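Colleague: What follows is a structure written as structure tokens; I'll ask about it next.
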Amino acid sequence: MIASEPQQRPSTADAPEPQATHPVVQMTGISVEFPGVKALDNVDFRLFPGEIHALMGENGAGKSTLIKALTGVNSLSGGSITVNGTSTRFNGPADAREHGISTVYQEVNLCTNLTVAENIMLGNEPRRFGGLDWRSMRRQATVFLKKMGLNIDPGSSLGSHSLAVQQLVAISRAMVVDAKVLILDEPTSSLDTDEVKQLFTVMRQLRQDGVAILFVSHFLDQIYAVSDRITILRNGKLVQERFTRELPQRELVSLMIAGTSDAQVGQAVARNAKEARSENAQPLLQAVGLGRKGAVQPFNLDLYAGEVIGMAGLLGSGRTELARLLYGADKADEGTIELGGAKTKLRTPRQALGHKIAYTSEDRKGEGVVGDLSVAENIILGLQAARGWTRPLPATKASQIVDAYIKALGVRPANPNALLKNLSGGNQQKVLLARWLATAPKLLILDEPTRGIDIGAKTEIMNLVSELAEQGMSVVFISAELEEVLRLSDRIVVMRDHTKVAELPRTDDVDVPRLIEIIATGEETK
Amino acid sequence: MSTATATIAKSASRKLSLDRRYLPVLGTIIVFLLMLVIGGVRYENFLSPAVISNLFINNAHLIVLATGMTFVILTGGIDLSVGAVLALSSVITATLLQAGVPLILVLPIALLAGSIIGLGMGVMIQYFDVQPFVATLAGMFLARGLCFIFAPESVPIRDEGFIAITNWGLSTGRWRITAAVVIALIVVACAWWILHRTRFGRTVYAVGGGESSATLMGLRVARTKVTVYVISGTCASLGGILFAMFSRSGYALTGVGMELDAIAAVVIGGTLLVGGMGFVLGSVVGVMVLGLIQTIITFEGTLSSWWTKIVIGVLLLIFVILQRILSLRRT
């Protein structure tokens, strides 16, 4: 399959850039396997000196695995890596760094309790009389800081500076070893507009100096502002490598997400078109100007009983953040939520639960499943939390509820005493659903309930959501797969760069290409 | 001209930022000075050279313990074994000398005992991922038990060479300094140099500031974490030798609870228990504060010596809460 794809690559002959014809990094046929998962499957990747190369892909596409394969954090199960023409395997970030490949991570991985100078120079510090030479350490650090356009005191402690400055200090550290390759893994996610501009200036300067930059960002505008070339991954496979200026945003988005599960979800019942709700229907939940700085721009949203709201958008577009605001998992710093017409403050998940709002996290492992408890215990967890610890659930009632849900949702194995961690992803998801359904919510928020589970389970869960809405529950359904969203939703909300850019009822002329258009450009062209 | 003003501005800003880091230590020094003033006002002869000299002489072993402990706490760990290791080393010294082993062999053996126990605990903590609390608790029981294997009773030291070292001292007027104090101060000076002038020392701070960050910065985290326990163990056994010099004997029940004094001194000295922030000199002042409390209570005369513990407890509480406030403001 890889054989057909490299042909889509632009030939370097018709391109004036990059100046160099030999890639500084060439990864060929890279495969990485984790137990039960093929995280990377025969992926090719190359990086030229003096270019900014964006690595794009949705959740689970394999971006970070590719970076970790390059820096030696993950070991390869197949393929080869060539750096500067010689075949290489690194033992880890430190080894890669010694060979001129430096990585700056999303979370600044420096020591805030040390001085700026130490953070830049430690490991390559100047010495005098067998000890550190602080004075020349500060002097050398200043030189690197100047290159970043930073005029800060190298003797100050790193923690006293803003995240943006820390980010630039991290890049300074990368430059100390005379890096040929700089990997920037989502460096912009915590920066504001001006700080991003400063970072881009530095990146362009480095490109001019012949450094190859691998750039990961979820902001499409940033990719187009700064990158020369884009490699797109999807589900651990290489999709395409293209010049940025020859790749329209719309096409990029469709390459990132299209065609994933069209045939697979085919079995799922398409929801019947909903009869128009009566004009004077009261919204169940009304968000007015709700927003949180750095997460979601203020938005309005009405949720009605018996309706499924689909949320479409790329990873990092703010879909999860929006859902968390509705649930009270994060605190909104502006706007209000009205429940049944009354203003309500949702500060904690517990309060939301009290108002019959349930939320299943996209992070099934981290924020949902309690693997060491049994299926039954996991199911009654939410119900018990809603009742409070002083009123334990009677055992007979608990087992009734558990049995009913195991049957209704088709949890396999149908054994309430099985440990949840031993169930498949799809069945874990069903148990989580059962947990929240047992609390009889009026509003159910599902954040990527279908990710990483097999097709059969996917179909079952989608059918279930559909039924719940029929019964009068209001559902918010978040999914990376547009097909699913289209199939299930009565209304579709489109998120882009932390902003709600569109809200459209599902009609016959709303299809995947149109959603992609909105996700890519932020506006509807009709 | 403009560069000159820039440098001035720079050094001014550096002074400010350093102030914040020195804040806990400054607090300790202020407490120390206050106690000196209070003692000096309340009691005659309190501020005499003899009292101050004795402060060092009586606490030389604790200074060494606290110095080793500072390394461990800076990485965010803890070492509960130091009191027992101190006893073990004093017992080893005394029994070997009694058995006629030459002094030149006895001292390295006693020192090595502490290093080896430290190494064992460090390996447990780093490679078997055992909590420092648990690993060093095991080390503590091990060392204390070994003491009784060597000598269940107190063993007097009569070796002439050892006594000669013990008796060595410098005095000018009523100021007096013993070999133990000189050794302790050398240890402190070495520790300061290692912590501030070597990559290892900065890695100690880096590990305390964020272990995964330090790893990603390519620093040798594993080696550093093991080494701090070796240093602490070695300091503890050196403390044992100094204590043997002080008491001219080795006894299995010495230093019970002394690890807690050492930890108290380090914390009162301004080192953050979560690691990454603190200074050896602070720990020395911390020891001095503990010593002064004892001195004041002795001078008071009517107070039970258990008041020492009460005052230490209160001081510790205040300093820990101060640290909490400081680190909360940091985040």
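For the structure tokens, the naming scheme is as follows: chains receive sequential letters (A, B, ...) according to their order of presentation, residues are indexed from 1 within each chain, and ligands are indexed from 1 in presentation order.
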Mind checking DSSP for segment 68-167 of chain A and telling me the strand (DSSP E or B) residues as number ranges by chain?
Modeller: A: 78-83, 86-87, 101-104, 115, 127-128, 131-132, 157
Colleague: Please produce a file of the residues just selected, as a compact mmCIF listing (two decimals), in the first residue's frame, where the atoms kept are C-alpha atoms.
Modeller:
# COMPACT_ATOMS: atom_id res chain seq x y z
CA GLY A 78 10.58 -2.29 11.47
CA GLY A 79 12.17 0.32 9.22
CA SER A 80 15.29 2.41 9.28
CA ILE A 81 16.32 5.91 10.27
CA THR A 82 19.06 7.78 8.49
CA VAL A 83 20.47 10.98 9.92
CA THR A 86 24.28 7.47 8.20
CA SER A 87 21.94 4.85 9.56
CA ILE A 101 18.20 16.35 17.20
CA SER A 102 16.57 18.38 19.94
CA THR A 103 12.98 18.19 21.09
CA VAL A 104 10.86 20.88 22.75
CA THR A 115 18.15 29.73 36.74
CA ARG A 127 34.01 24.86 33.51
CA ARG A 128 36.76 26.49 35.46
CA GLY A 131 33.74 23.38 38.67
CA LEU A 132 31.00 25.28 36.90
CA SER A 157 14.98 31.63 38.06
Colleague: With a distance cut-off of 12 Å and only C-alpha atoms, select the neighbouring residues of Ala305 of chain A, excluding the residue or stretch itself and same-chain residues fewer than 3 positions from it, and output the selection as an MDAnalysis selection string.
Modeller: chainID A and resid 274 277:278 281:286 302 308:309 339:340 441:444 468:476 490
Colleague: May I have the residues from that selection written out with N, CA and C atoms, as a PDB file, in the first residue's frame?
Modeller:
ATOM      1  N   LYS A 274     -35.836  14.113  12.613  1.00  0.00           N
ATOM      2  CA  LYS A 274     -36.669  14.487  13.753  1.00  0.00           C
ATOM      3  C   LYS A 274     -37.766  15.433  13.265  1.00  0.00           C
ATOM      4  N   ARG A 277     -39.292  20.505  16.247  1.00  0.00           N
ATOM      5  CA  ARG A 277     -39.813  20.664  17.604  1.00  0.00           C
ATOM      6  C   ARG A 277     -40.696  21.905  17.637  1.00  0.00           C
ATOM      7  N   SER A 278     -41.621  21.837  18.540  1.00  0.00           N
ATOM      8  CA  SER A 278     -42.619  22.904  18.572  1.00  0.00           C
ATOM      9  C   SER A 278     -41.940  24.232  18.905  1.00  0.00           C
ATOM     10  N   ALA A 281     -41.021  25.254  22.514  1.00  0.00           N
ATOM     11  CA  ALA A 281     -40.356  24.293  23.392  1.00  0.00           C
ATOM     12  C   ALA A 281     -39.292  25.002  24.226  1.00  0.00           C
ATOM     13  N   GLN A 282     -39.224  24.625  25.485  1.00  0.00           N
ATOM     14  CA  GLN A 282     -38.231  25.211  26.391  1.00  0.00           C
ATOM     15  C   GLN A 282     -36.922  24.433  26.279  1.00  0.00           C
ATOM     16  N   PRO A 283     -35.799  25.127  26.098  1.00  0.00           N
ATOM     17  CA  PRO A 283     -34.552  24.368  26.091  1.00  0.00           C
ATOM     18  C   PRO A 283     -34.270  23.781  27.467  1.00  0.00           C
ATOM     19  N   LEU A 284     -33.684  22.598  27.461  1.00  0.00           N
ATOM     20  CA  LEU A 284     -33.313  21.939  28.706  1.00  0.00           C
ATOM     21  C   LEU A 284     -32.138  22.674  29.348  1.00  0.00           C
ATOM     22  N   LEU A 285     -31.190  23.007  28.496  1.00  0.00           N
ATOM     23  CA  LEU A 285     -30.015  23.727  28.974  1.00  0.00           C
ATOM     24  C   LEU A 285     -29.708  24.831  27.984  1.00  0.00           C
ATOM     25  N   GLN A 286     -29.410  25.999  28.516  1.00  0.00           N
ATOM     26  CA  GLN A 286     -29.141  27.134  27.657  1.00  0.00           C
ATOM     27  C   GLN A 286     -27.827  27.763  28.107  1.00  0.00           C
ATOM     28  N   ASP A 302     -28.162  26.019  22.799  1.00  0.00           N
ATOM     29  CA  ASP A 302     -29.380  25.523  23.447  1.00  0.00           C
ATOM     30  C   ASP A 302     -29.474  24.022  23.246  1.00  0.00           C
ATOM     31  N   VAL A 308     -30.295  15.063  19.650  1.00  0.00           N
ATOM     32  CA  VAL A 308     -28.878  14.749  19.682  1.00  0.00           C
ATOM     33  C   VAL A 308     -28.130  15.892  19.020  1.00  0.00           C
ATOM     34  N   ILE A 309     -27.193  16.485  19.766  1.00  0.00           N
ATOM     35  CA  ILE A 309     -26.347  17.533  19.201  1.00  0.00           C
ATOM     36  C   ILE A 309     -25.012  16.892  18.871  1.00  0.00           C
ATOM     37  N   LEU A 339     -30.656  26.264  33.357  1.00  0.00           N
ATOM     38  CA  LEU A 339     -31.256  24.932  33.305  1.00  0.00           C
ATOM     39  C   LEU A 339     -32.741  25.088  33.516  1.00  0.00           C
ATOM     40  N   GLY A 340     -33.514  24.712  32.523  1.00  0.00           N
ATOM     41  CA  GLY A 340     -34.967  24.834  32.623  1.00  0.00           C
ATOM     42  C   GLY A 340     -35.387  26.254  32.939  1.00  0.00           C
ATOM     43  N   PRO A 441     -29.976  10.349  33.665  1.00  0.00           N
ATOM     44  CA  PRO A 441     -29.698  11.747  33.341  1.00  0.00           C
ATOM     45  C   PRO A 441     -30.722  12.297  32.352  1.00  0.00           C
ATOM     46  N   LYS A 442     -30.878  13.629  32.405  1.00  0.00           N
ATOM     47  CA  LYS A 442     -31.695  14.279  31.387  1.00  0.00           C
ATOM     48  C   LYS A 442     -30.817  14.698  30.224  1.00  0.00           C
ATOM     49  N   LEU A 443     -29.550  14.967  30.554  1.00  0.00           N
ATOM     50  CA  LEU A 443     -28.601  15.363  29.514  1.00  0.00           C
ATOM     51  C   LEU A 443     -27.379  14.456  29.611  1.00  0.00           C
ATOM     52  N   LEU A 444     -27.051  13.853  28.496  1.00  0.00           N
ATOM     53  CA  LEU A 444     -25.916  12.939  28.472  1.00  0.00           C
ATOM     54  C   LEU A 444     -24.879  13.488  27.501  1.00  0.00           C
ATOM     55  N   LEU A 468     -32.002   6.438  23.139  1.00  0.00           N
ATOM     56  CA  LEU A 468     -32.106   7.298  24.312  1.00  0.00           C
ATOM     57  C   LEU A 468     -32.755   8.621  23.944  1.00  0.00           C
ATOM     58  N   ALA A 469     -32.368   9.143  22.770  1.00  0.00           N
ATOM     59  CA  ALA A 469     -32.954  10.401  22.334  1.00  0.00           C
ATOM     60  C   ALA A 469     -34.447  10.244  22.063  1.00  0.00           C
ATOM     61  N   GLU A 470     -34.810   9.122  21.457  1.00  0.00           N
ATOM     62  CA  GLU A 470     -36.227   8.842  21.217  1.00  0.00           C
ATOM     63  C   GLU A 470     -37.005   8.907  22.527  1.00  0.00           C
ATOM     64  N   GLN A 471     -36.366   8.368  23.588  1.00  0.00           N
ATOM     65  CA  GLN A 471     -37.036   8.333  24.889  1.00  0.00           C
ATOM     66  C   GLN A 471     -37.071   9.692  25.569  1.00  0.00           C
ATOM     67  N   GLY A 472     -36.454  10.691  24.934  1.00  0.00           N
ATOM     68  CA  GLY A 472     -36.578  12.039  25.474  1.00  0.00           C
ATOM     69  C   GLY A 472     -35.340  12.572  26.163  1.00  0.00           C
ATOM     70  N   MET A 473     -34.233  11.839  26.088  1.00  0.00           N
ATOM     71  CA  MET A 473     -32.997  12.344  26.682  1.00  0.00           C
ATOM     72  C   MET A 473     -32.351  13.320  25.717  1.00  0.00           C
ATOM     73  N   SER A 474     -31.654  14.298  26.266  1.00  0.00           N
ATOM     74  CA  SER A 474     -30.882  15.197  25.415  1.00  0.00           C
ATOM     75  C   SER A 474     -29.445  14.688  25.399  1.00  0.00           C
ATOM     76  N   VAL A 475     -28.874  14.539  24.201  1.00  0.00           N
ATOM     77  CA  VAL A 475     -27.543  13.948  24.099  1.00  0.00           C
ATOM     78  C   VAL A 475     -26.600  14.892  23.351  1.00  0.00           C
ATOM     79  N   VAL A 476     -25.408  15.080  23.897  1.00  0.00           N
ATOM     80  CA  VAL A 476     -24.351  15.763  23.155  1.00  0.00           C
ATOM     81  C   VAL A 476     -23.359  14.693  22.737  1.00  0.00           C
ATOM     82  N   ASP A 490     -29.240  15.635  15.357  1.00  0.00           N
ATOM     83  CA  ASP A 490     -30.313  16.490  14.850  1.00  0.00           C
ATOM     84  C   ASP A 490     -29.753  17.855  14.470  1.00  0.00           C
TER      85      ASP A 490
END
Colleague: Considering only C-alpha atoms, extract the chain A residues located within 9 Å of chain B and return them as a VMD selection string.
Modeller: chain A and resid 92 to 95 97 103 108 to 114 118 to 119 122 to 123 125 127 130 to 134 152 to 157 159 to 160 173
Colleague: Could those selected residues go to a file with N, CA and C atoms, as a CSV table (one decimal), in the first residue's frame?
Modeller:
chain,number,residue,atom,x,y,z
A,92,GLY,N,17.6,7.4,23.2
A,92,GLY,CA,16.7,8.2,24.0
A,92,GLY,C,16.9,9.7,23.7
A,93,PRO,N,16.1,10.6,24.3
A,93,PRO,CA,16.2,12.0,23.9
A,93,PRO,C,17.7,12.5,24.1
A,94,ALA,N,18.3,12.1,25.2
A,94,ALA,CA,19.7,12.6,25.4
A,94,ALA,C,20.6,12.2,24.3
A,95,ASP,N,20.5,11.0,23.9
A,95,ASP,CA,21.4,10.5,22.8
A,95,ASP,C,21.1,11.2,21.5
A,97,ARG,N,19.8,14.1,21.2
A,97,ARG,CA,20.3,15.5,21.4
A,97,ARG,C,21.8,15.6,21.1
A,103,THR,N,14.4,18.2,21.0
A,103,THR,CA,13.0,18.2,21.1
A,103,THR,C,12.5,19.2,22.1
A,108,VAL,N,6.5,22.6,28.9
A,108,VAL,CA,7.9,22.9,29.0
A,108,VAL,C,8.6,22.0,30.0
A,109,ASN,N,9.6,21.2,29.4
A,109,ASN,CA,10.2,20.3,30.3
A,109,ASN,C,11.6,20.8,30.7
A,110,LEU,N,11.5,21.9,31.5
A,110,LEU,CA,12.7,22.4,32.1
A,110,LEU,C,12.5,22.5,33.6
A,111,CYS,N,13.6,22.8,34.3
A,111,CYS,CA,13.4,22.9,35.8
A,111,CYS,C,13.2,24.3,36.2
A,112,THR,N,12.0,24.6,36.7
A,112,THR,CA,11.6,26.0,37.0
A,112,THR,C,12.4,26.5,38.2
A,113,ASN,N,12.9,25.6,39.0
A,113,ASN,CA,13.6,26.0,40.2
A,113,ASN,C,15.1,26.4,39.9
A,114,LEU,N,15.6,26.1,38.7
A,114,LEU,CA,16.9,26.5,38.4
A,114,LEU,C,16.9,27.9,37.7
A,118,GLU,N,21.2,28.1,33.8
A,118,GLU,CA,21.4,26.7,34.0
A,118,GLU,C,20.5,25.8,33.0
A,119,ASN,N,19.3,26.3,32.9
A,119,ASN,CA,18.3,25.5,32.0
A,119,ASN,C,18.8,25.5,30.6
A,122,LEU,N,23.0,23.6,31.1
A,122,LEU,CA,23.4,22.4,31.9
A,122,LEU,C,23.5,21.2,31.0
A,123,GLY,N,24.6,20.5,31.2
A,123,GLY,CA,25.0,19.4,30.2
A,123,GLY,C,26.1,19.9,29.3
A,125,GLU,N,27.9,22.9,30.1
A,125,GLU,CA,28.2,24.1,30.9
A,125,GLU,C,29.8,24.3,30.8
A,127,ARG,N,33.4,25.2,32.2
A,127,ARG,CA,34.0,24.9,33.5
A,127,ARG,C,35.3,25.7,33.8
A,130,GLY,N,37.7,22.9,37.4
A,130,GLY,CA,37.0,21.7,37.7
A,130,GLY,C,35.5,21.9,38.1
A,131,GLY,N,35.1,23.1,38.3
A,131,GLY,CA,33.7,23.4,38.7
A,131,GLY,C,33.0,24.2,37.6
A,132,LEU,N,31.8,24.5,37.8
A,132,LEU,CA,31.0,25.3,36.9
A,132,LEU,C,31.5,26.7,36.9
A,133,ASP,N,31.6,27.3,35.7
A,133,ASP,CA,32.0,28.7,35.6
A,133,ASP,C,30.7,29.5,35.4
A,134,TRP,N,30.2,30.0,36.5
A,134,TRP,CA,28.9,30.7,36.5
A,134,TRP,C,28.9,31.9,35.6
A,152,ILE,N,16.3,38.8,28.8
A,152,ILE,CA,16.0,38.6,30.3
A,152,ILE,C,17.3,38.2,31.0
A,153,ASP,N,17.3,38.3,32.3
A,153,ASP,CA,18.4,38.1,33.1
A,153,ASP,C,18.7,36.6,33.2
A,154,PRO,N,19.8,36.1,32.7
A,154,PRO,CA,20.0,34.6,32.7
A,154,PRO,C,20.2,34.1,34.2
A,155,GLY,N,20.4,35.0,35.1
A,155,GLY,CA,20.5,34.6,36.5
A,155,GLY,C,19.2,34.5,37.2
A,156,SER,N,18.1,34.9,36.6
A,156,SER,CA,16.8,34.8,37.3
A,156,SER,C,16.3,33.4,37.2
A,157,SER,N,15.5,33.0,38.1
A,157,SER,CA,15.0,31.6,38.1
A,157,SER,C,13.9,31.5,37.0
A,159,GLY,N,11.2,29.8,36.7
A,159,GLY,CA,9.8,29.9,37.1
A,159,GLY,C,9.3,31.3,37.2
A,160,SER,N,10.1,32.3,37.2
A,160,SER,CA,9.6,33.7,37.4
A,160,SER,C,9.2,34.2,36.0
A,173,ARG,N,17.9,26.2,24.7
A,173,ARG,CA,18.6,25.0,25.1
A,173,ARG,C,18.9,24.0,24.0
Colleague: Just how far from atom CA of Thr459 of chain A is atom CA of Gly410 of chain A, in Å to one decimal?
Modeller: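 One can read the atom CA of Gly410 of chain A to atom CA of Thr459 of chain A distance as 12.0 Å.
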Colleague: Which residue out of B:Gly278, B:Gly239, B:Gly250, B:Gly173 has the minimum interatomic distance to Leu62 of chain B when only C-alpha atoms are used?
Modeller: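 Counting only C-alpha atoms, the residue closest to Leu62 of chain B is B:Gly239.
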Colleague: Name the residues of segment 426-489 of chain A that fall into helix (DSSP H, G or I) according to DSSP on the backbone, using the chain letters and numbers of this document, as a count of residues only.
Modeller: 35
Colleague: Find the residues near Val204 of chain B: any atom within 8 Å, counting only C-alpha atoms, skip ones fewer than 5 places away on the same chain, and give them as a PyMOL selection string.
Modeller: chain B and resi 71+74-75+195+224-225+228+276
Colleague: As a list in words, please: the residues near segment 512-522 of chain A (cut-off 6 Å, only C-alpha atoms, same-chain neighbours under 5 positions excluded).
Modeller: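 Using only C-alpha atoms, the neighbours found are Gln249, Arg250, Arg496 and Val501 of chain A.
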Colleague: Could you tell me which of A:Gln429, A:Gln351, A:Asn124, A:Gln222 comes closest to Ile461 of chain A if we count only C-alpha atoms?
Modeller: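 Going through A:Gln429, A:Gln351, A:Asn124, A:Gln222 one by one, the smallest distance to Ile461 of chain A is for A:Gln429.
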Colleague: Quick one, how far is atom CA of Gly291 of chain B from atom CA of Ala180 of chain B?
Modeller: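 So the two atoms, atom CA of Gly291 of chain B and atom CA of Ala180 of chain B, lie 16.0 Å apart.
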Colleague: Residues at most 10 Å from segment 183-186 of chain B, counting only C-alpha atoms, excluding those fewer than 5 positions away in the same chain, as JSON, numbers by chain?
Modeller: {"B": [56, 57, 59, 60, 61, 62, 63, 64, 65, 67, 178, 191, 192, 235, 238, 239, 242, 284]}
Colleague: Taking only C-alpha atoms into account, name the residue in A:Val369, A:Leu464, A:Val24, A:Ile232 that is nearest to Gly210 of chain A.
Modeller: A:Val24
Colleague: Find the residues near Ile293 of chain B: any atom within 9 Å, counting only C-alpha atoms, skip ones fewer than 5 places away on the same chain, and give them as a tab-separated table (two decimals) with N, CA and C atoms, in the first residue's frame.
Modeller:
chain	number	residue	atom	x	y	z
B	35	MET	N	17.27	34.67	68.55
B	35	MET	CA	17.51	33.82	69.72
B	35	MET	C	18.77	34.24	70.44
B	288	MET	N	22.37	25.07	64.22
B	288	MET	CA	22.69	26.05	65.25
B	288	MET	C	21.44	26.48	66.02
B	298	THR	N	18.98	25.14	78.92
B	298	THR	CA	19.95	24.86	79.98
B	298	THR	C	20.15	26.10	80.85
B	307	TRP	N	11.38	20.54	77.05
B	307	TRP	CA	10.95	21.77	76.39
B	307	TRP	C	11.68	21.98	75.07
B	308	THR	N	12.90	21.42	74.98
B	308	THR	CA	13.64	21.51	73.71
B	308	THR	C	12.80	20.97	72.57
B	311	VAL	N	9.78	23.22	71.68
B	311	VAL	CA	10.14	24.40	70.90
B	311	VAL	C	10.50	24.00	69.47
B	312	ILE	N	11.26	22.89	69.34
B	312	ILE	CA	11.62	22.42	68.00
B	312	ILE	C	10.36	22.12	67.20
Colleague: Counting only C-alpha atoms, figure out which residue out of A:Asn84, A:Ser136, A:Asn463, A:Ser227 gets nearest to Arg207 of chain A.
Modeller: A:Ser227
Colleague: Here is a test: counting only C-alpha atoms, which residue of A:Leu446, A:Val375, A:Leu214, A:Val176 is nearest to Arg324 of chain A?
Modeller: A:Leu446
Colleague: Extract, using only C-alpha atoms, all DNA, RNA and protein residues at most 12 Å from Gln400 of chain A, discarding same-chain residues fewer than 3 positions from it, and format them as a PyMOL selection string.
Modeller: chain A and resi 376+379-380+393-397+403-407+416+438
Colleague: Between B:Val181, B:Ala113, B:Leu86, B:Leu119, which one has atoms that come closest to Gly255 of chain B, using only C-alpha atoms?
Modeller: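 For Gly255 of chain B, the nearest of the candidates is B:Leu86.
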